[in-house]
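Novice: Structure file query-v6.tsv (TSV, C-alpha atoms and all ligand atoms) is given on the next line.
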```tsv
chain	number	residue	atom	x	y	z
A	208	MET	CA	-40.37	-14.43	-17.11
A	209	ASN	CA	-38.74	-11.94	-14.78
A	210	THR	CA	-35.85	-9.94	-16.09
A	211	PRO	CA	-33.89	-7.76	-13.70
A	212	ASP	CA	-34.54	-4.05	-13.91
A	213	ARG	CA	-32.28	-2.29	-16.29
A	214	ASN	CA	-31.49	1.37	-16.01
A	215	CYS	CA	-30.02	3.96	-18.30
A	216	LEU	CA	-26.25	4.00	-17.70
A	217	GLU	CA	-26.31	7.79	-17.71
A	218	CYS	CA	-29.43	8.95	-15.86
A	219	GLU	CA	-30.61	5.65	-14.34
A	220	THR	CA	-34.11	5.92	-15.80
A	221	LYS	CA	-35.70	2.49	-15.95
A	222	LEU	CA	-35.37	0.97	-19.42
A	223	LEU	CA	-38.34	-0.77	-21.02
A	224	GLY	CA	-36.98	-1.47	-24.50
A	225	ARG	CA	-34.81	-4.21	-25.99
A	226	SER	CA	-32.74	-6.32	-23.63
A	227	ASP	CA	-29.51	-4.87	-25.04
A	228	GLN	CA	-30.67	-1.30	-24.55
A	229	LYS	CA	-28.27	0.66	-22.36
A	230	PHE	CA	-29.55	4.19	-22.61
A	231	CYS	CA	-32.97	5.86	-22.48
A	232	SER	CA	-32.08	8.32	-25.22
A	233	ASP	CA	-29.44	9.40	-27.71
A	234	GLN	CA	-28.63	12.36	-25.46
A	235	CYS	CA	-27.79	10.02	-22.59
A	236	ARG	CA	-25.74	7.78	-24.89
A	237	ASN	CA	-23.76	10.79	-26.11
A	238	ALA	CA	-23.30	12.25	-22.63
A	239	TYR	CA	-22.08	8.90	-21.32
A	240	ASN	CA	-19.69	8.28	-24.22
A	241	ASN	CA	-18.25	11.79	-23.97
A	242	LYS	CA	-17.54	11.22	-20.30
A	243	GLN	CA	-15.85	7.87	-21.01
A	244	ASN	CA	-13.68	9.47	-23.65
A	245	SER	CA	-12.63	12.33	-21.44
A	246	ASP	CA	-11.72	9.87	-18.66
A	247	ALA	CA	-9.48	8.02	-21.13
A	248	ASN	CA	-7.98	11.32	-22.30
A	249	ASN	CA	-7.32	12.36	-18.73
A	250	LEU	CA	-5.58	9.08	-18.00
A	251	VAL	CA	-3.35	9.43	-21.06
A	252	ARG	CA	-2.57	13.01	-20.13
A	253	ASN	CA	-1.75	12.13	-16.53
A	254	VAL	CA	0.54	9.26	-17.54
A	255	ASN	CA	2.26	11.44	-20.15
A	256	ASN	CA	2.77	14.14	-17.55
A	257	ALA	CA	4.19	11.63	-15.06
A	258	LEU	CA	6.61	10.28	-17.69
A	259	ARG	CA	7.75	13.74	-18.65
A	260	ARG	CA	8.16	14.70	-15.00
A	261	ASN	CA	10.16	11.50	-14.36
A	262	ARG	CA	12.39	12.25	-17.34
A	263	ARG	CA	12.94	15.83	-16.18
A	264	ILE	CA	13.82	14.69	-12.65
A	265	LEU	CA	16.31	12.07	-13.92
A	266	ASP	CA	17.78	14.57	-16.37
A	267	GLY	CA	18.24	17.13	-13.61
A	268	LEU	CA	20.00	14.67	-11.30
A	269	CYS	CA	22.17	12.86	-13.84
A	270	LYS	CA	24.98	15.19	-14.81
A	271	GLY	CA	26.96	12.83	-16.98
A	272	GLU	CA	26.29	9.33	-18.26
A	273	LYS	CA	25.76	7.80	-14.83
A	274	GLN	CA	24.86	9.13	-11.44
A	275	LYS	CA	24.11	7.46	-8.15
A	276	VAL	CA	21.41	9.29	-6.20
A	277	ASN	CA	19.45	8.86	-3.02
A	278	ARG	CA	16.06	7.25	-3.62
A	279	GLU	CA	14.55	9.72	-1.17
A	280	LYS	CA	15.68	12.58	-3.38
A	281	LEU	CA	13.74	11.19	-6.34
A	282	ILE	CA	10.62	10.77	-4.23
A	283	GLN	CA	10.93	14.29	-2.85
A	284	LYS	CA	11.01	15.65	-6.38
A	285	GLY	CA	7.82	13.77	-7.23
A	286	PHE	CA	9.27	10.82	-9.11
A	287	SER	CA	6.74	8.03	-9.84
A	288	PHE	CA	8.47	4.65	-9.88
A	289	GLN	CA	5.49	2.94	-11.52
A	290	TYR	CA	5.76	4.95	-14.73
A	291	PHE	CA	8.42	4.24	-17.35
A	292	THR	CA	8.48	4.00	-21.12
A	293	HIS	CA	10.34	0.71	-21.48
A	294	GLN	CA	12.74	-1.65	-19.77
A	295	TYR	CA	16.20	-2.72	-20.76
A	296	GLN	CA	17.83	-5.97	-19.67
A	297	THR	CA	21.60	-6.23	-19.70
A	298	LYS	CA	23.45	-9.41	-20.62
A	299	THR	CA	23.83	-10.17	-16.94
A	300	GLY	CA	20.09	-9.90	-16.35
A	301	THR	CA	19.93	-6.52	-14.66
A	302	VAL	CA	16.74	-4.71	-15.63
A	303	TYR	CA	16.76	-0.94	-16.01
A	304	CYS	CA	13.54	1.05	-16.28
A	305	PHE	CA	13.69	3.90	-18.77
A	306	CYS	CA	11.85	7.18	-19.07
A	307	TYR	CA	12.75	8.00	-22.66
A	308	GLU	CA	16.58	8.15	-22.84
A	309	LEU	CA	17.10	8.18	-19.07
A	310	GLY	CA	17.08	4.94	-17.14
A	311	TYR	CA	17.22	4.01	-13.52
A	312	LEU	CA	18.11	0.97	-11.48
A	313	THR	CA	17.27	0.50	-7.83
A	314	LEU	CA	20.55	-0.59	-6.21
A	315	ASN	CA	19.26	-1.02	-2.66
A	316	ASP	CA	16.78	0.56	-0.24
A	317	GLU	CA	18.58	3.87	-0.41
A	318	GLU	CA	20.34	4.23	-3.72
A	319	VAL	CA	19.23	4.49	-7.32
A	320	LEU	CA	21.57	4.51	-10.28
A	321	ILE	CA	20.56	6.83	-13.10
A	322	VAL	CA	21.95	6.19	-16.57
A	323	ARG	CA	21.75	8.25	-19.70
A	324	ARG	CA	21.47	6.47	-23.01
A	325	ASN	CA	23.11	8.10	-25.98
A	326	SER	CA	24.42	7.01	-29.34
A	327	GLU	CA	27.88	6.24	-27.93
A	328	ASN	CA	27.13	3.98	-24.99
A	329	SER	CA	25.13	0.79	-24.95
A	330	ILE	CA	22.94	1.61	-21.98
A	401	ZN	ZN	-30.97	8.32	-19.63
```
Write the structure described by the file as structure tokens, please.
Specialist:
Amino acid sequence: MNTPDRNCLECETKLLGRSDQKFCSDQCRNAYNNKQNSDANNLVRNVNNALRRNRRILDGLCKGEKQKVNREKLIQKGFSFQYFTHQYQTKTGTVYCFCYELGYLTLNDEEVLIVRRNSENSI
């Protein structure tokens, strides 16, 4: 019976052992797993950084509880619209995206409304 060639996931050496073998050695297994972990750590770090940057940008632009700003301004400052911590839906169905206590709502192609959530207001 022909089985397809299997290679070590780390160094690509041809594997001759059990069919579920993935690595030629413990060293390769460790090297591979360490790399996987650091990729996951990097992703978490990058997302955390993006969320913190988003929060800082919103905080800098929103002087009071609400502030209408130009969408272009957010983009220029490096805002990433795909990253937010949670969403909030109002009774009327409007969905705000939040980066921690600061939320935003795209009003149209040009304008974004920034809102600041605190203990006194509901948004
Ligand atoms: Zn190997």
Novice: Can you list, as a ChimeraX atom specification, every protein, DNA or RNA residue that comes within 12 Å of stretch 255-269 of chain A when you count all atoms listed in the file, leaving out same-chain residues fewer than 3 positions away?
Specialist: /A:248-252,272-278,280-293,304-312,319-324
Novice: Between atom CA of A:Ala238 and atom CA of A:Asn253, what is the distance in Å, rounded to a tenth?
Specialist: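 Distance reported for this atom pair: 22.4 Å.
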Novice: I want to know what sits within 12 Å of A:Asp233, based on only C-alpha atoms, with residues of the same chain fewer than 4 positions away left out; could you give that as number ranges by chain?
Specialist: A: 215-218, 228-229, 237-240
Novice: Between A:Arg213, A:Gln234, A:Ser226, A:Gln294, which has the minimum distance to ligand ZN 401 (chain A) (counting only C-alpha atoms and all ligand atoms)?
Specialist: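 Among A:Arg213, A:Gln234, A:Ser226, A:Gln294, it is A:Gln234 that comes nearest to ligand ZN 401 (chain A).
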Novice: If you measure from atom CA of A:Leu223 to atom CA of A:Lys242, what distance in Å do you get, rounded to one decimal?
Specialist: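 Spanning atom CA of A:Leu223 to atom CA of A:Lys242 is a straight-line distance of 24.0 Å.
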Novice: Taking all atoms of stretch 231-236 of chain A that the file lists, what box with edges along x, y and z, padded by 5 Å per side, do you get, with centre and edge lengths in Å to one decimal, as AutoDock Vina command-line options?
Specialist:
```
--center_x -29.4 --center_y 9.1 --center_z -25.1 --size_x 17.2 --size_y 16.5 --size_z 15.2
```
Novice: Quote the spacing between atom CA of A:Glu279 and atom CA of A:Thr299 in Å to one decimal place.
Specialist: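 That distance, rounded to one decimal, is 27.0 Å.
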Novice: Would you mind telling me which residue in A:Ser232, A:Arg225, A:Asn214, A:Leu314 lies nearest to A:Val302 when using all atoms listed in the file?
Specialist: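 Ranking A:Ser232, A:Arg225, A:Asn214, A:Leu314 by distance to A:Val302, first place goes to A:Leu314.
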Novice: Looking at all atoms listed in the file, which of A:Asp227, A:Asp212, A:Glu219, A:Glu317 is the one that sits closest to ligand ZN 401 (chain A)?
Specialist: A:Glu219
Novice: Which residue out of A:Thr313, A:Gln243, A:Thr220, A:Asn325 has the minimum interatomic distance to ligand ZN 401 (chain A) when only C-alpha atoms and all ligand atoms are used?
Specialist: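 Looking at the shortest contact to ligand ZN 401 (chain A), the residue is A:Thr220.
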